[in-house]
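S.K.: Submitted below is the structure of interest, expressed as structure tokens.
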Amino acid sequence: MTEKIIFFVEEPSAKEALQLILPKIVGDLETKIINFQCKDDLKKNLKARLAGYTWIPSNWKIFVLVDRDDDNCRVLKGELEQISLSAGLLTKTSTGAVGNFHVINRIIIEELEAWFFGDWGAVRTAYPRVPATVPNRSPYRDPDSIAGGTWEALERLMQRAGYYHSGLRKIECARNISKNMSVDHNNSRSFVEFRDAVRHILHLP
């Protein structure tokens with residue numbers, strides 16, 4: 001039985017979101033969230049940080065969570081896998097999802113804000129002036145395929161509704177939306193895959 005999960009995320013807004021989302025998935029399970037300043041910072045320093053966890057017991061797991069942005073998803077996943085292995089930690093992928101692995105690497109397709117588009121009701125609870133019809137519009141029907149940058153799209157919609165005229169405050173926005181999100185009703189494929197991966201880990205013997 002998994003006793004603790006440690007999350008490495010690429011920026012403070014992701015940490016803010018997970019602090020509010022994770023209890024809805026894992027209940028009272030102990031978690032720790034470590035954020036970097038950006039994806040480049042994570043990729044540069046992840047090996048050293050992971051190497052500091054080679055001592056952890058078999059019932060602890062580590063999630064590394066990064067945005068895809070403009071990267072090739074397979075290439076990025078391969079980079080994360082190599083970093084984990086070179087730090088001395090086996091990954092779920094490298095062991096075929098069996099055995100005594102410690103690290104699960106997950107890519108958020110596009111950006112964290114895709115998760116917010118996937119639960120537009122949570123967005124509207126926090127920011128009621130944004131249109132309810134957004135998920136029905138063709139550019140936003142697939143939260144993980146929004147063109148031109150997901151956070152930029154969210155910023156434009158917010159500003160048109162009268163919020164964040166001086167620019168999207170990502171940490172504040174993540175906090176306001178995440179506290180309203182339902183983990184069981186989200187149209188973002190990357191969110192569903194993340195949620196299900198966490199739930200699966202919790203049921204491992």
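In the structure tokens, the first chain shown is A, the next is B, and so on; residue numbers restart at 1 for each chain, and ligands run from 1 in the order shown.
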Near region 144-158 of chain A, within 9 Å and counting only C-alpha atoms, which residues show up once chain neighbours fewer than 6 positions away are dropped, as a PyMOL selection string?
M.R.: chain A and resi 69+108-118+127+129-131+134+164-165+167-170+187-190
S.K.: Neighbours of Ile5 (chain A) within 7 Å (only C-alpha atoms; same-chain residues fewer than 2 positions away dropped), as a PDB file with all heavy atoms, in the first residue's frame?
M.R.:
ATOM      1  N   PHE A   7       5.429  14.872  -5.390  1.00  0.00           N
ATOM      2  CA  PHE A   7       5.197  15.421  -6.725  1.00  0.00           C
ATOM      3  C   PHE A   7       6.246  16.478  -7.041  1.00  0.00           C
ATOM      4  O   PHE A   7       6.475  17.389  -6.238  1.00  0.00           O
ATOM      5  CB  PHE A   7       3.796  16.044  -6.825  1.00  0.00           C
ATOM      6  CG  PHE A   7       2.681  15.055  -6.699  1.00  0.00           C
ATOM      7  CD1 PHE A   7       2.210  14.672  -5.440  1.00  0.00           C
ATOM      8  CD2 PHE A   7       2.091  14.498  -7.826  1.00  0.00           C
ATOM      9  CE1 PHE A   7       1.186  13.750  -5.312  1.00  0.00           C
ATOM     10  CE2 PHE A   7       1.050  13.576  -7.702  1.00  0.00           C
ATOM     11  CZ  PHE A   7       0.605  13.202  -6.449  1.00  0.00           C
ATOM     12  N   GLU A  30      -0.564  11.045   2.751  1.00  0.00           N
ATOM     13  CA  GLU A  30       0.484  12.062   2.855  1.00  0.00           C
ATOM     14  C   GLU A  30       1.070  12.366   1.479  1.00  0.00           C
ATOM     15  O   GLU A  30       1.422  11.462   0.721  1.00  0.00           O
ATOM     16  CB  GLU A  30       1.597  11.592   3.783  1.00  0.00           C
ATOM     17  CG  GLU A  30       2.673  12.642   4.016  1.00  0.00           C
ATOM     18  CD  GLU A  30       3.768  12.181   4.961  1.00  0.00           C
ATOM     19  OE1 GLU A  30       3.695  11.025   5.438  1.00  0.00           O
ATOM     20  OE2 GLU A  30       4.696  12.977   5.212  1.00  0.00           O
ATOM     21  N   THR A  31       1.167  13.638   1.145  1.00  0.00           N
ATOM     22  CA  THR A  31       1.774  14.073  -0.115  1.00  0.00           C
ATOM     23  C   THR A  31       2.745  15.213   0.160  1.00  0.00           C
ATOM     24  O   THR A  31       2.646  15.904   1.170  1.00  0.00           O
ATOM     25  CB  THR A  31       0.722  14.547  -1.134  1.00  0.00           C
ATOM     26  OG1 THR A  31       0.007  15.668  -0.594  1.00  0.00           O
ATOM     27  CG2 THR A  31      -0.258  13.439  -1.483  1.00  0.00           C
ATOM     28  N   LYS A  32       3.665  15.388  -0.774  1.00  0.00           N
ATOM     29  CA  LYS A  32       4.584  16.519  -0.739  1.00  0.00           C
ATOM     30  C   LYS A  32       4.726  17.032  -2.164  1.00  0.00           C
ATOM     31  O   LYS A  32       4.888  16.237  -3.100  1.00  0.00           O
ATOM     32  CB  LYS A  32       5.951  16.105  -0.188  1.00  0.00           C
ATOM     33  CG  LYS A  32       6.958  17.247  -0.101  1.00  0.00           C
ATOM     34  CD  LYS A  32       8.271  16.785   0.508  1.00  0.00           C
ATOM     35  CE  LYS A  32       9.267  17.929   0.637  1.00  0.00           C
ATOM     36  NZ  LYS A  32      10.550  17.475   1.246  1.00  0.00           N
ATOM     37  N   TRP A  60       6.671   4.352  -1.172  1.00  0.00           N
ATOM     38  CA  TRP A  60       6.608   5.767  -1.552  1.00  0.00           C
ATOM     39  C   TRP A  60       6.722   5.867  -3.068  1.00  0.00           C
ATOM     40  O   TRP A  60       7.456   5.099  -3.691  1.00  0.00           O
ATOM     41  CB  TRP A  60       7.753   6.561  -0.931  1.00  0.00           C
ATOM     42  CG  TRP A  60       7.666   6.786   0.538  1.00  0.00           C
ATOM     43  CD1 TRP A  60       6.999   6.016   1.463  1.00  0.00           C
ATOM     44  CD2 TRP A  60       8.307   7.834   1.272  1.00  0.00           C
ATOM     45  NE1 TRP A  60       7.186   6.518   2.722  1.00  0.00           N
ATOM     46  CE2 TRP A  60       7.981   7.640   2.637  1.00  0.00           C
ATOM     47  CE3 TRP A  60       9.114   8.900   0.918  1.00  0.00           C
ATOM     48  CZ2 TRP A  60       8.433   8.486   3.638  1.00  0.00           C
ATOM     49  CZ3 TRP A  60       9.575   9.752   1.926  1.00  0.00           C
ATOM     50  CH2 TRP A  60       9.232   9.549   3.266  1.00  0.00           C
ATOM     51  N   LYS A  61       6.012   6.809  -3.669  1.00  0.00           N
ATOM     52  CA  LYS A  61       6.081   7.016  -5.112  1.00  0.00           C
ATOM     53  C   LYS A  61       6.369   8.491  -5.408  1.00  0.00           C
ATOM     54  O   LYS A  61       6.040   9.376  -4.624  1.00  0.00           O
ATOM     55  CB  LYS A  61       4.768   6.614  -5.794  1.00  0.00           C
ATOM     56  CG  LYS A  61       4.365   5.158  -5.559  1.00  0.00           C
ATOM     57  CD  LYS A  61       5.399   4.182  -6.078  1.00  0.00           C
ATOM     58  CE  LYS A  61       4.991   2.740  -5.771  1.00  0.00           C
ATOM     59  NZ  LYS A  61       6.061   1.777  -6.111  1.00  0.00           N
ATOM     60  N   ILE A  62       6.977   8.725  -6.560  1.00  0.00           N
ATOM     61  CA  ILE A  62       7.302  10.077  -7.010  1.00  0.00           C
ATOM     62  C   ILE A  62       6.641  10.310  -8.363  1.00  0.00           C
ATOM     63  O   ILE A  62       6.822   9.516  -9.290  1.00  0.00           O
ATOM     64  CB  ILE A  62       8.821  10.284  -7.145  1.00  0.00           C
ATOM     65  CG1 ILE A  62       9.507  10.121  -5.780  1.00  0.00           C
ATOM     66  CG2 ILE A  62       9.138  11.654  -7.746  1.00  0.00           C
ATOM     67  CD1 ILE A  62      11.025  10.112  -5.855  1.00  0.00           C
TER      68      ILE A  62
END
S.K.: Enumerate, as a list in words, the complete set of residues in region 10-107 of chain A that a backbone-based DSSP assignment places in strand (DSSP E).
M.R.: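 Result set for region 10-107 of chain A (strand (DSSP E)): Glu30, Thr31, Lys32, Ile33, Ile34, Asn35, Trp60, Lys61, Ile62, Phe63, Val64, Leu65, Val66, Asp67, Val103, Ile104, Asn105, Arg106 and Ile107 of chain A.
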S.K.: Please write the residues from the selection above to a file, keeping N, CA, C and O atoms, as a short mmCIF file (atom, residue, chain, number, x, y, z; two decimals), in the first residue's frame.
M.R.:
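Saved file selection.cif follows:
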data_model
loop_
_atom_site.label_atom_id
_atom_site.label_comp_id
_atom_site.auth_asym_id
_atom_site.auth_seq_id
_atom_site.Cartn_x
_atom_site.Cartn_y
_atom_site.Cartn_z
N GLU A 30 -0.56 11.04 2.75
CA GLU A 30 0.48 12.06 2.85
C GLU A 30 1.07 12.37 1.48
O GLU A 30 1.42 11.46 0.72
N THR A 31 1.17 13.64 1.15
CA THR A 31 1.77 14.07 -0.12
C THR A 31 2.75 15.21 0.16
O THR A 31 2.65 15.90 1.17
N LYS A 32 3.67 15.39 -0.77
CA LYS A 32 4.58 16.52 -0.74
C LYS A 32 4.73 17.03 -2.16
O LYS A 32 4.89 16.24 -3.10
N ILE A 33 4.66 18.34 -2.35
CA ILE A 33 4.76 18.94 -3.68
C ILE A 33 5.97 19.85 -3.72
O ILE A 33 6.09 20.78 -2.91
N ILE A 34 6.87 19.58 -4.66
CA ILE A 34 8.09 20.37 -4.82
C ILE A 34 8.02 21.05 -6.18
O ILE A 34 7.88 20.39 -7.21
N ASN A 35 8.09 22.37 -6.20
CA ASN A 35 8.00 23.08 -7.48
C ASN A 35 9.34 23.68 -7.87
O ASN A 35 10.16 24.07 -7.03
N TRP A 60 6.67 4.35 -1.17
CA TRP A 60 6.61 5.77 -1.55
C TRP A 60 6.72 5.87 -3.07
O TRP A 60 7.46 5.10 -3.69
N LYS A 61 6.01 6.81 -3.67
CA LYS A 61 6.08 7.02 -5.11
C LYS A 61 6.37 8.49 -5.41
O LYS A 61 6.04 9.38 -4.62
N ILE A 62 6.98 8.72 -6.56
CA ILE A 62 7.30 10.08 -7.01
C ILE A 62 6.64 10.31 -8.36
O ILE A 62 6.82 9.52 -9.29
N PHE A 63 5.87 11.38 -8.48
CA PHE A 63 5.31 11.82 -9.77
C PHE A 63 6.10 13.02 -10.26
O PHE A 63 6.28 13.99 -9.51
N VAL A 64 6.55 12.97 -11.49
CA VAL A 64 7.15 14.13 -12.15
C VAL A 64 6.15 14.61 -13.19
O VAL A 64 5.77 13.86 -14.10
N LEU A 65 5.70 15.84 -13.04
CA LEU A 65 4.60 16.37 -13.85
C LEU A 65 5.06 17.63 -14.58
O LEU A 65 5.43 18.61 -13.96
N VAL A 66 5.06 17.59 -15.92
CA VAL A 66 5.51 18.75 -16.70
C VAL A 66 4.54 19.02 -17.85
O VAL A 66 3.83 18.14 -18.30
N ASP A 67 4.55 20.27 -18.31
CA ASP A 67 3.77 20.65 -19.48
C ASP A 67 4.48 20.20 -20.75
O ASP A 67 5.70 20.21 -20.83
N VAL A 103 9.26 6.03 -9.70
CA VAL A 103 8.96 7.28 -10.39
C VAL A 103 7.93 7.06 -11.50
O VAL A 103 8.02 6.10 -12.28
N ILE A 104 6.96 7.96 -11.56
CA ILE A 104 5.97 7.99 -12.65
C ILE A 104 6.11 9.34 -13.33
O ILE A 104 5.91 10.38 -12.69
N ASN A 105 6.47 9.34 -14.61
CA ASN A 105 6.60 10.59 -15.36
C ASN A 105 5.31 10.83 -16.14
O ASN A 105 4.86 9.94 -16.88
N ARG A 106 4.75 12.02 -16.00
CA ARG A 106 3.51 12.34 -16.70
C ARG A 106 3.63 13.70 -17.40
O ARG A 106 4.14 14.67 -16.83
N ILE A 107 3.12 13.76 -18.63
CA ILE A 107 3.12 14.98 -19.42
C ILE A 107 1.72 15.57 -19.40
O ILE A 107 0.74 14.88 -19.72
#
S.K.: Near Ala51 (chain A), counting only C-alpha atoms, which residues have an atom at most 12 Å away, once you skip same-chain residues fewer than 3 positions from it, shown as a VMD selection string?
M.R.: chain A and resid 45 to 48 54 to 56 62 83 to 90 102 to 103
